[in-house]
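Raw contents of my_file-v9.csv, CSV, C-alpha atoms and all ligand atoms:
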```
chain,number,residue,atom,x,y,z
A,23,MET,CA,150.8,66.8,134.0
A,24,ALA,CA,150.1,69.5,131.5
A,25,ASP,CA,148.8,68.1,128.3
A,26,ASP,CA,149.2,69.8,124.9
A,27,GLY,CA,146.0,71.7,125.3
A,28,GLN,CA,147.3,73.4,128.4
A,29,LYS,CA,150.7,74.0,126.8
A,30,ASN,CA,148.9,76.1,124.1
A,31,MET,CA,147.5,78.4,126.7
A,32,PRO,CA,149.1,81.7,127.3
A,33,VAL,CA,151.8,81.7,129.9
A,34,CYS,CA,150.2,84.4,131.9
A,35,GLN,CA,146.4,83.9,132.3
A,36,LYS,CA,145.6,87.1,134.2
A,37,LYS,CA,147.3,90.4,134.6
A,38,GLY,CA,149.5,90.2,137.6
A,39,GLU,CA,149.2,86.5,138.0
A,40,LEU,CA,152.3,84.5,138.2
A,41,ALA,CA,152.9,82.0,135.3
A,42,PRO,CA,153.0,78.4,136.3
A,43,PHE,CA,156.4,77.0,136.9
A,44,ALA,CA,158.0,75.8,133.7
A,45,GLY,CA,159.2,72.4,134.8
A,46,ALA,CA,161.2,69.7,133.1
A,47,LEU,CA,159.3,67.5,130.7
A,48,PRO,CA,158.0,64.3,132.4
A,49,PRO,CA,159.7,61.3,131.0
A,50,SER,CA,156.4,59.9,129.7
A,51,ARG,CA,156.3,62.6,127.0
A,52,ASP,CA,159.2,60.7,125.4
A,53,THR,CA,160.1,63.5,123.0
A,54,ILE,CA,163.6,62.4,122.1
A,55,SER,CA,165.0,59.0,123.0
A,56,ASP,CA,167.1,58.2,126.1
A,57,LEU,CA,169.7,56.8,123.7
A,58,LEU,CA,170.0,60.0,121.8
A,59,CYS,CA,170.2,62.0,125.0
A,60,ARG,CA,173.0,59.8,126.3
A,61,GLU,CA,174.9,60.1,123.0
A,62,LEU,CA,174.7,63.9,123.1
A,63,ILE,CA,175.7,63.9,126.8
A,64,ALA,CA,178.8,61.7,126.1
A,65,ALA,CA,179.9,64.2,123.3
A,66,ALA,CA,179.3,67.1,125.7
A,67,GLU,CA,181.2,65.4,128.5
A,68,LYS,CA,184.3,65.0,126.2
A,69,MET,CA,184.2,68.7,125.4
A,70,MET,CA,184.4,69.7,129.1
A,71,GLY,CA,188.0,68.6,128.8
A,72,ARG,CA,188.6,71.1,126.0
A,73,ALA,CA,187.3,74.1,128.0
A,74,TYR,CA,189.6,77.0,128.2
A,75,ALA,CA,188.5,78.4,131.6
A,76,PRO,CA,191.5,79.7,133.4
A,77,TYR,CA,189.6,82.5,135.2
A,78,SER,CA,186.4,80.8,136.4
A,79,GLY,CA,187.7,77.2,136.5
A,80,PHE,CA,184.2,76.3,135.4
A,81,GLN,CA,184.4,73.9,132.4
A,82,VAL,CA,181.4,73.4,130.2
A,83,GLY,CA,180.8,71.1,127.2
A,84,ALA,CA,177.9,71.2,124.8
A,85,ALA,CA,176.8,68.9,122.0
A,86,LEU,CA,174.3,70.3,119.4
A,87,LEU,CA,172.3,68.0,117.1
A,88,ALA,CA,171.5,69.5,113.7
A,89,ALA,CA,168.2,68.6,112.1
A,90,GLY,CA,169.6,68.6,108.5
A,91,ALA,CA,169.9,65.5,106.5
A,92,GLY,CA,173.3,64.6,108.0
A,93,LYS,CA,172.0,64.9,111.5
A,94,LYS,CA,175.5,65.9,112.5
A,95,VAL,CA,176.5,66.7,116.1
A,96,TYR,CA,178.5,69.9,116.6
A,97,THR,CA,180.3,70.2,119.9
A,98,GLY,CA,181.6,73.2,121.8
A,99,CYS,CA,183.4,74.3,125.0
A,100,ASN,CA,183.6,77.6,126.8
A,101,ILE,CA,186.5,79.8,125.8
A,102,GLU,CA,187.4,82.5,128.3
A,103,ASN,CA,189.5,85.6,127.8
A,104,ALA,CA,191.7,87.9,129.9
A,105,ALA,CA,189.5,90.8,128.9
A,106,PHE,CA,186.5,88.8,130.2
A,107,THR,CA,183.8,90.0,127.8
A,108,PRO,CA,185.2,88.3,124.7
A,109,GLY,CA,184.6,84.9,126.5
A,110,ILE,CA,182.1,82.6,124.9
A,111,CYS,CA,179.9,79.8,126.3
A,112,ALA,CA,180.1,76.2,125.2
A,113,GLU,CA,176.6,76.4,123.7
A,114,ARG,CA,177.4,79.4,121.5
A,115,THR,CA,180.7,77.8,120.4
A,116,ALA,CA,178.7,74.8,119.2
A,117,PHE,CA,176.1,77.1,117.4
A,118,ALA,CA,178.9,79.1,115.8
A,119,LYS,CA,180.6,75.9,114.5
A,120,ALA,CA,177.3,74.5,113.2
A,121,VAL,CA,175.9,77.7,111.6
A,122,SER,CA,179.2,78.5,109.9
A,123,GLU,CA,179.1,75.0,108.4
A,124,GLY,CA,175.7,75.8,106.8
A,125,GLU,CA,173.4,74.3,109.4
A,126,ARG,CA,170.2,76.3,110.3
A,127,GLU,CA,167.9,73.9,112.0
A,128,PHE,CA,168.5,72.0,115.2
A,129,THR,CA,166.8,69.3,117.3
A,130,ALA,CA,168.6,69.3,120.7
A,131,ILE,CA,171.6,70.4,122.8
A,132,ALA,CA,173.2,68.7,125.7
A,133,VAL,CA,175.0,70.8,128.3
A,134,ILE,CA,177.3,69.6,131.1
A,135,GLY,CA,179.7,71.6,133.3
A,136,GLY,CA,181.3,72.0,136.6
A,137,LYS,CA,184.4,73.4,138.4
A,138,LYS,CA,187.5,71.5,137.2
A,139,GLY,CA,185.1,69.6,134.9
A,140,ILE,CA,183.3,67.9,137.8
A,141,PRO,CA,179.5,68.3,137.3
A,142,VAL,CA,178.1,68.8,140.8
A,143,ASP,CA,174.9,70.6,139.6
A,144,TYR,CA,173.0,70.9,136.3
A,145,THR,CA,174.4,73.7,134.1
A,146,ALA,CA,171.6,75.7,132.6
A,147,PRO,CA,172.4,77.9,129.5
A,148,CYS,CA,172.8,81.6,130.3
A,149,GLY,CA,170.4,84.1,129.0
A,150,VAL,CA,172.5,85.1,126.0
A,151,CYS,CA,172.8,81.4,124.9
A,152,ARG,CA,169.0,81.0,125.2
A,153,GLN,CA,168.5,84.0,123.0
A,154,VAL,CA,170.9,82.5,120.4
A,155,MET,CA,168.9,79.2,120.6
A,156,ALA,CA,165.7,81.2,119.9
A,157,GLU,CA,167.3,82.6,116.7
A,158,PHE,CA,167.6,79.2,115.1
A,159,CYS,CA,165.3,76.9,117.0
A,160,ASP,CA,161.5,76.5,117.2
A,161,PRO,CA,161.0,76.9,121.0
A,162,ARG,CA,158.3,74.2,121.0
A,163,LYS,CA,160.5,71.7,119.3
A,164,PHE,CA,164.0,72.3,120.5
A,165,TYR,CA,165.2,70.2,123.4
A,166,ILE,CA,167.8,71.1,126.1
A,167,ILE,CA,169.4,68.4,128.0
A,168,LEU,CA,170.8,69.4,131.3
A,169,ALA,CA,173.1,66.7,132.5
A,170,ARG,CA,175.3,65.6,135.3
A,171,SER,CA,176.1,62.3,133.7
A,172,GLN,CA,174.7,60.1,131.0
A,173,GLU,CA,172.4,58.5,133.6
A,174,ASP,CA,171.4,61.7,135.3
A,175,TYR,CA,169.8,64.4,133.2
A,176,TRP,CA,166.7,66.6,132.8
A,177,LEU,CA,165.1,67.2,129.5
A,178,TYR,CA,163.6,70.7,128.8
A,179,ARG,CA,162.1,72.3,125.8
A,180,LEU,CA,163.3,75.8,124.9
A,181,ASP,CA,159.9,77.3,125.5
A,182,GLU,CA,160.1,76.2,129.1
A,183,LEU,CA,163.5,77.8,129.7
A,184,PHE,CA,162.9,80.9,127.5
A,185,PRO,CA,159.3,81.9,127.7
A,186,MET,CA,158.1,84.9,125.8
A,187,GLY,CA,161.5,85.5,124.2
A,188,PHE,CA,162.2,88.0,121.5
A,189,SER,CA,162.8,86.1,118.3
A,190,PRO,CA,162.9,86.5,114.5
A,191,LYS,CA,159.1,86.2,114.6
A,192,ASN,CA,158.9,89.6,116.1
A,193,LEU,CA,160.7,91.1,113.1
A,194,ALA,CA,158.8,89.2,110.5
B,1,LIG,N1,179.3,78.9,130.8
B,1,LIG,C1,179.0,78.2,129.7
B,1,LIG,O1,179.9,77.9,128.8
B,1,LIG,N2,177.7,77.7,129.5
B,1,LIG,C2,176.7,77.9,130.4
B,1,LIG,O2,175.6,77.4,130.2
B,1,LIG,C3,177.0,78.6,131.7
B,1,LIG,C4,178.3,79.3,131.8
B,1,LIG,C5,180.7,79.3,131.0
B,1,LIG,C6,181.0,80.8,130.8
B,1,LIG,C7,182.2,80.9,131.7
B,1,LIG,O3,183.3,80.6,130.9
B,1,LIG,C8,182.0,79.9,132.8
B,1,LIG,O4,181.0,79.0,132.3
B,1,LIG,C9,181.6,80.5,134.1
B,1,LIG,O5,180.5,81.3,134.0
```

Could you express the structure from this file as structure tokens?
Amino acid sequence: MADDGQKNMPVCQKKGELAPFAGALPPSRDTISDLLCRELIAAAEKMMGRAYAPYSGFQVGAALLAAGAGKKVYTGCNIENAAFTPGICAERTAFAKAVSEGEREFTAIAVIGGKKGIPVDYTAPCGVCRQVMAEFCDPRKFYIILARSQEDYWLYRLDELFPMGFSPKNLA
């Protein structure tokens, strides 16, 4: 397993060399508790039922934990549109709700989805959602929970799912 020393190494060691696979965090790292993950998954599961997805039929729910004093959870679902491009993912719905309430820092997000709200596979955030996460979250400290149920999930860190992203740091 990669220790912290290895994680500090550049993703690509040699020109032309493939970066090592960014795998899920091993459970032993115990970064956020199983209880917290389950709570967030439960909130995300509920939101799948609120999805407005008449075109894809793919319902997604997300639950975003804010790092502020209140440690509030902001939920979201995907909201599709007849013109297609105005549609928004569950994750960004949650971010929009949280940021518009004054939150700027976040700890974790749980995502769950599937056709007709039945999670067959893990639903990983799309590229646009990962970019939005990188706007507000420290990639080394923000956790992404990909769930099929409260008992069945993988825990990732944003830097694993969004390596070498463009972020506010580039403009600083
Ligand atoms: N979707 C999300 O809401 N989040 C994801 O992580 C992946 C995709 C939505 C967008 C669209 O409404 C539907 O799922 C099918 O792509």

*Mind checking which residues fall within 12 Å of Pro76 in chain A, counting only C-alpha atoms, ignoring those fewer than 5 positions away in the same chain, and posting them as a list in words?*
Gln81, Asn100, Ile101, Glu102, Asn103, Ala104, Phe106, Gly109, Lys137 and Lys138 of chain A

*Find the spatial neighbours of range 180-193 of chain A, counting all atoms listed in the file, within a cut-off of 7 Å - ignore same-chain residues fewer than 5 positions away - and output them as number ranges by chain.*
A: 44-45, 152, 156-157, 161-162, 164-166

Emit the selected residues as a PDB file, in the frame of the given file, including C-alpha atoms.
```pdb
ATOM      1  CA  ALA A  44     158.000  75.800 133.700  1.00  0.00           C
ATOM      2  CA  GLY A  45     159.200  72.400 134.800  1.00  0.00           C
ATOM      3  CA  ARG A 152     169.000  81.000 125.200  1.00  0.00           C
ATOM      4  CA  ALA A 156     165.700  81.200 119.900  1.00  0.00           C
ATOM      5  CA  GLU A 157     167.300  82.600 116.700  1.00  0.00           C
ATOM      6  CA  PRO A 161     161.000  76.900 121.000  1.00  0.00           C
ATOM      7  CA  ARG A 162     158.300  74.200 121.000  1.00  0.00           C
ATOM      8  CA  PHE A 164     164.000  72.300 120.500  1.00  0.00           C
ATOM      9  CA  TYR A 165     165.200  70.200 123.400  1.00  0.00           C
ATOM     10  CA  ILE A 166     167.800  71.100 126.100  1.00  0.00           C
TER      11      ILE A 166
END
```

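Near ligand LIG 1 (chain B), the residues found within 6 Å are A:Ala75, A:Ser78, A:Phe80, A:Val82, A:Asn100, A:Glu102, A:Cys111, A:Ala112, A:Thr145, A:Ala146, A:Pro147, A:Cys148 (criterion computed using only C-alpha atoms and all ligand atoms).
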
*Of the listed residues A:Gly79, A:Gly135, A:Gly90, A:Gly149, that which approaches Leu168 in chain A most closely, counting all atoms listed in the file*: A:Gly135

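CA of Glu173 in chain A to CA of Glu113 in chain A spans 20.9 Å [interatomic distance, one decimal].
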
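Using all atoms listed in the file, the shortest contact distance between Leu87 in chain A and any of A:Thr129, A:Thr53, A:Thr115, A:Ser122 is found at A:Thr129.
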
*By how many Å are CA of Arg179 in chain A and CA of Pro141 in chain A apart?*
21.2 Å
